[in-house]
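Engineer: The following block contains the structure, expressed as structure tokens.
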Amino acid sequence: MTETRIQDLPGAMSRRDHPTVGVWNRLEGRPRTTDFGRALRVEVRDPLWMLARQWQLGEFRGTDGGSPLTATYSVTASPPGRFRSDTGPDGAPGPAGPLPPDRPLEAVAERRPLPFTFGTEPISFDLRLALGRRWLKLLARSSELRSRRFGERYVELYPIALPDPANPADSARVAHPEVWAATQAVAGRRLDGYLLYLHLKGGGRAADGIDARGQRNELNALGPRLTAWFDDLIDQPSGATPQRPEGDSTWDPRRLEHRFSVSAAVPAGGERVLTAPEYPGGELDWHAFSVTPDATLGSTAPPPAPMNRTVFPSPVRFSGMPLPRWWAVEDGRTNFAAVTPDSTDLARLIFLEFALVYSNDWYQLPCDLPAGTLASIQGLAVTDVFGQRRWITPADRGGDGQNRQHWSMYTLNSLGSPGSPGDQLVDDAGLLLPPGTPKVATGPALEDVVLVRDESANLVWGVEQTVRQATGEGRSGDEAAAETLAFRRRLHPPATPDDPHAPVAYQVMSSVPENWIPFIPVHVPGDNRAVQLQRAAMPSEVDTTPVRPRTTLLREGLDAGCPYFVNEEEVPRSGTRLTVAYNRTRTRTGRVVLWLSVHRTTGRGERSSGLAFDLLTTTSAAEPGT
């Protein structure tokens with residue numbers, strides 16, 4: 001190989017004497033000039049063509065209107081001050097009372113009483129032990145009371161009784177191994193604080209039944225501290241009376257929803273009553289309310305003072321919005337040409353018309369309002385870029401100021417009154433910002449019930465998927481029912497059947513799991529066509545006694561000897577699911593609020609229980625092959 005040395009490298013490269021020789025010391029482009037002014041000007045090569053296109057698109061057409069420059073509005077905001085439960089006896093609303101200012105509206109609307117008994121059977125031993133432990137702590141803070149060992153005396157006076165394994169009435173505490181073990185561990189060793197709590201709430205004194213010997217006053221002074229601690233621990237309905245033992249609870253067991261009303265003062269004087277007729281629980285917002293005309297909750301609050309503010313309007317913007325200028329480069333993530341609505345798809349057609357035609361005609365104004373208020377706009381004036389000032393009227397009114405019943409957004413409707421059409425727009429109804437909370441922590445479900453339709457059996461079943469154990473925890477309804485059935489079989493072992501004499505046997509009906517509670521259709525009193533659902537009972541497989549529900553949702557009225565009815569329309573073909581759980585949140589002041597509530601959601605369709613009647617079954621006397 002011969003090595004060639006190039007003496008004049010630049011000249012050789014310019015003459016291309018050696019094509020294989022190259023210099024690779026730069027990979028970026030080299031600009032031809034250092035002046036970028038012309039490139040940044042974005043010159044228009046054909047301005048006449050651009051002007052012609054603008055003229056064709058109507059961009060030179062005048063509208064005699066300027067863009068809004070400033071806006072001045074007057075708004076009033078008044079907090080709701082009155083509350084009423086609309087689930088009283090016979091559908092009549094309960095008495096109205098003041099709305100607690102230190103509670104979220106969800107807690108006041110959803111709270112339900114804490115169950116401590118199912119008939120005569122004690123339950124909720126977790127709360128019973130918590131009350132007893134709190135009382136023993138109060139006693140331990142005093143050296144004199146601790147030295148006198150008053151805690152042991154209270155354990156003897158209010159003990160946790162040990163259930164009898166041979167008593168069928170104690171099956172809820174004996175049939176389940178976990179509950180039975182926990183009951184054995186605390187029976188006779190711990191204090192049933194709920195019995196002491198009932199004694200104190202009933203007018204008794206803490207020292208009753210105790211040989212205090214000079215410490216009665218000190219013991220009696222601790223009683224109100226125990227009741228105040230528990231009343232503040234878990235929020236429960238208030239205002240319980242003999243005619244209304246549930247107090248101001250808003251749960252309507254017949255309609256399977258919450259129903260309540262609140263009221264707030266209005267600028268014209270008086271109050272405006274807002275009703276939530278179908279609140280399923282969970283997240284409470286403004287659309288759950290409707291205005292109830294000519295109603296009052298007895299509010300005496302003064303009219304709210306108006307607040308005047310001047311703000312700068314800003315155009316409405318959204319992702320994929322068409323730009324007003326035809327030569328602008330639009331966002332390619334949204335393709336309106338790919339939207340193919342049908343002629344009956346009105347919602348999609350309205351959306352497309354807004355986005356393509358009127359999207360750049362909307363402006364938004366900032367309006368900061370305190371949470372938990374009923375806000376109402378008293379007036380709005382807009383000043384445009386030409387200095388003209390215009391008074392803006394509501395969109396649902398005509399030029400003569402009359403209500404035209406036009407389309408409107410974020411407007412509360414009216415429930416209507418007897419003899420008048422319902423669901424109307426209300427003049428200056430306002431917008432309610434509920435005094436709720438942004439975040440609620442929900443605990444595990446203590447009760448989970450699904451109301452489903454069974455077309456084969458022509459019944460509605462209340463399937464208890466999760467039941468509340470005596471210890472206060474949730475347990476699978478199938479497992480709890482199987483353990484209870486096994487316990488009853490041990491108490492009442494079935495008799496040994498005789499050898500069959502026939503190849504087939506007649507069976508009256510098949511069995512159903514004991515956590516399936518039937519609801520049978522019955523006529524509404526005084527109506528030959530309307531149907532309602534009434535809770536019924538299935539016989540047990542062991543002793544043919546009626547199977548009772550294990551949840552407070554399906555035991556409605558059972559302990560009082562009253563029937564339980566559910567409106568038929570509340571159980572559609574998709575079913576209805578009800579869950580009971582604790583909710584915990586913090587208010588704006590930092591206070592912790594805890595309450596027990598019911599949440600209603602949609603089910604998952606129909607189910608079959610396998611219930612059948614008049615069956616022929618094959619016995620051991622049948623010959624092979626038959």
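Residues in the structure tokens are numbered from 1 in each chain, the chains being A, B, ... in the order shown, and ligands are numbered from 1 in the order shown.
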Using only C-alpha atoms, determine which residues lie at most 10 Å from segment 310-313 of chain A, disregarding the query and same-chain residues fewer than 2 positions distant; provide the list as a PyMOL selection string.
Structural biologist: chain A and resi 67-74+308+315-316+362-367+380-383
Engineer: Just N, CA, C and O atoms for this one: save the residues we selected as a CSV table (one decimal), in the first residue's frame.
Structural biologist:
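For reference, selection_3.csv as written:
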```csv
chain,number,residue,atom,x,y,z
A,67,SER,N,-66.0,44.5,22.7
A,67,SER,CA,-65.7,43.5,23.7
A,67,SER,C,-65.9,44.1,25.1
A,67,SER,O,-65.6,45.3,25.3
A,68,PRO,N,-66.3,43.3,26.0
A,68,PRO,CA,-66.5,43.8,27.4
A,68,PRO,C,-65.1,44.1,28.0
A,68,PRO,O,-64.2,43.4,27.9
A,69,LEU,N,-65.1,45.2,28.7
A,69,LEU,CA,-63.9,45.7,29.3
A,69,LEU,C,-63.9,45.5,30.8
A,69,LEU,O,-63.0,44.9,31.4
A,70,THR,N,-65.0,45.9,31.4
A,70,THR,CA,-65.2,45.7,32.9
A,70,THR,C,-66.6,45.3,33.1
A,70,THR,O,-67.5,45.6,32.3
A,71,ALA,N,-66.8,44.7,34.3
A,71,ALA,CA,-68.2,44.3,34.7
A,71,ALA,C,-68.3,44.6,36.1
A,71,ALA,O,-67.4,44.3,36.9
A,72,THR,N,-69.5,45.2,36.5
A,72,THR,CA,-69.8,45.5,37.9
A,72,THR,C,-71.1,44.8,38.3
A,72,THR,O,-72.1,44.9,37.5
A,73,TYR,N,-71.0,44.0,39.3
A,73,TYR,CA,-72.2,43.2,39.7
A,73,TYR,C,-72.4,43.4,41.2
A,73,TYR,O,-71.5,43.7,42.0
A,74,SER,N,-73.6,43.1,41.6
A,74,SER,CA,-74.0,43.1,43.0
A,74,SER,C,-74.6,41.8,43.4
A,74,SER,O,-75.5,41.2,42.7
A,308,ASN,N,-70.9,44.7,46.2
A,308,ASN,CA,-70.6,45.2,44.9
A,308,ASN,C,-69.2,45.0,44.5
A,308,ASN,O,-68.3,45.4,45.3
A,315,PRO,N,-62.4,35.8,28.1
A,315,PRO,CA,-63.1,34.9,27.2
A,315,PRO,C,-63.1,33.4,27.7
A,315,PRO,O,-62.1,33.0,28.3
A,316,VAL,N,-64.1,32.7,27.4
A,316,VAL,CA,-64.1,31.3,27.7
A,316,VAL,C,-63.2,30.5,26.8
A,316,VAL,O,-63.2,30.7,25.6
A,362,TRP,N,-68.8,33.8,24.6
A,362,TRP,CA,-69.0,33.7,26.0
A,362,TRP,C,-67.8,34.2,26.8
A,362,TRP,O,-66.6,34.1,26.4
A,363,TYR,N,-68.1,34.9,27.9
A,363,TYR,CA,-67.1,35.4,28.8
A,363,TYR,C,-67.5,35.0,30.2
A,363,TYR,O,-68.6,34.7,30.6
A,364,GLN,N,-66.4,34.9,31.0
A,364,GLN,CA,-66.6,34.5,32.4
A,364,GLN,C,-66.1,35.6,33.3
A,364,GLN,O,-65.1,36.3,33.0
A,365,LEU,N,-66.8,35.7,34.5
A,365,LEU,CA,-66.5,36.7,35.5
A,365,LEU,C,-66.1,36.0,36.8
A,365,LEU,O,-66.8,35.1,37.2
A,366,PRO,N,-65.0,36.4,37.4
A,366,PRO,CA,-64.7,35.8,38.7
A,366,PRO,C,-65.6,36.3,39.8
A,366,PRO,O,-66.0,37.5,39.8
A,367,CYS,N,-66.1,35.4,40.6
A,367,CYS,CA,-67.0,35.7,41.7
A,367,CYS,C,-66.7,34.8,42.9
A,367,CYS,O,-67.1,33.6,42.8
A,380,LEU,N,-76.2,43.3,37.1
A,380,LEU,CA,-74.9,43.2,36.4
A,380,LEU,C,-74.9,44.2,35.3
A,380,LEU,O,-75.8,44.3,34.5
A,381,ALA,N,-73.8,45.0,35.3
A,381,ALA,CA,-73.6,46.1,34.3
A,381,ALA,C,-72.3,45.8,33.7
A,381,ALA,O,-71.3,45.6,34.4
A,382,VAL,N,-72.2,45.9,32.3
A,382,VAL,CA,-71.0,45.6,31.6
A,382,VAL,C,-70.6,46.9,30.8
A,382,VAL,O,-71.5,47.5,30.1
A,383,THR,N,-69.3,47.3,30.8
A,383,THR,CA,-68.8,48.4,30.1
A,383,THR,C,-67.9,47.8,29.0
A,383,THR,O,-66.9,47.0,29.3
```
Engineer: Can you tell me, as a ChimeraX atom specification, what residues are no more than 10 Å from segment 182-184 of chain A when counting only C-alpha atoms, ignoring any on the same chain fewer than 5 positions away?
Structural biologist: /A:125,160-163,173-174,177,189,470-471
Engineer: For Arg141 of chain A, work out the shell of residues within 12 Å, counting only C-alpha atoms and skipping chain neighbours fewer than 5 positions away, then give it as a list in words.
Structural biologist: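 Listed by chain and then number, they are Arg134, Trp135, Leu136, Arg146, Ser147, Gly151, Glu218, Leu219 and Leu222 of chain A.
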Engineer: Please produce an output containing N, CA and C atoms for each residue in the selection, written as a PDB file, in the first residue's frame.
Structural biologist:
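Result file selection09.pdb:
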```
ATOM      1  N   ARG A 134     -63.789   4.522  78.635  1.00  0.00           N
ATOM      2  CA  ARG A 134     -63.747   5.968  78.916  1.00  0.00           C
ATOM      3  C   ARG A 134     -64.134   6.252  80.361  1.00  0.00           C
ATOM      4  N   TRP A 135     -65.131   5.558  80.876  1.00  0.00           N
ATOM      5  CA  TRP A 135     -65.553   5.782  82.262  1.00  0.00           C
ATOM      6  C   TRP A 135     -64.455   5.361  83.242  1.00  0.00           C
ATOM      7  N   LEU A 136     -63.795   4.257  82.968  1.00  0.00           N
ATOM      8  CA  LEU A 136     -62.716   3.819  83.847  1.00  0.00           C
ATOM      9  C   LEU A 136     -61.545   4.792  83.800  1.00  0.00           C
ATOM     10  N   ARG A 146     -59.470   6.081  92.406  1.00  0.00           N
ATOM     11  CA  ARG A 146     -58.689   4.925  91.982  1.00  0.00           C
ATOM     12  C   ARG A 146     -58.315   4.051  93.157  1.00  0.00           C
ATOM     13  N   SER A 147     -58.007   4.644  94.281  1.00  0.00           N
ATOM     14  CA  SER A 147     -57.628   3.868  95.463  1.00  0.00           C
ATOM     15  C   SER A 147     -58.810   3.101  96.033  1.00  0.00           C
ATOM     16  N   GLY A 151     -63.744   1.131  89.919  1.00  0.00           N
ATOM     17  CA  GLY A 151     -63.895   0.504  88.619  1.00  0.00           C
ATOM     18  C   GLY A 151     -64.419  -0.909  88.712  1.00  0.00           C
ATOM     19  N   GLU A 218     -68.467  13.535  93.759  1.00  0.00           N
ATOM     20  CA  GLU A 218     -67.391  13.448  92.771  1.00  0.00           C
ATOM     21  C   GLU A 218     -67.737  12.478  91.655  1.00  0.00           C
ATOM     22  N   LEU A 219     -68.396  11.360  92.011  1.00  0.00           N
ATOM     23  CA  LEU A 219     -68.814  10.416  90.982  1.00  0.00           C
ATOM     24  C   LEU A 219     -69.925  11.001  90.105  1.00  0.00           C
ATOM     25  N   LEU A 222     -68.807  13.242  87.327  1.00  0.00           N
ATOM     26  CA  LEU A 222     -68.196  12.622  86.147  1.00  0.00           C
ATOM     27  C   LEU A 222     -69.234  12.123  85.144  1.00  0.00           C
TER      28      LEU A 222
END
```
Engineer: Would you mind listing what lies within 12 Å of Pro438 of chain A as a list in words, with only C-alpha atoms counted and same-chain residues fewer than 2 positions away left out?
Structural biologist: Pro104, Leu105, Glu106, Gly282, Glu283, Leu284, Asp285, Ala371, Pro434, Pro435, Gly436, Val440, Ala441, Arg584, Thr585, Arg586, Thr587 and Arg588 of chain A
Engineer: One decimal, Å: what's the distance from atom CA of Leu451 of chain A over to atom CA of Arg529 of chain A, could you say?
Structural biologist: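 If I compute the distance from atom CA of Leu451 of chain A to atom CA of Arg529 of chain A, I get 22.4 Å.
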Engineer: A:Arg535, A:Arg38, A:Arg333, A:His599: which is nearest Trp461 of chain A, counting only C-alpha atoms?
Structural biologist: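 Using only C-alpha atoms, Trp461 of chain A sits closest to A:Arg535.
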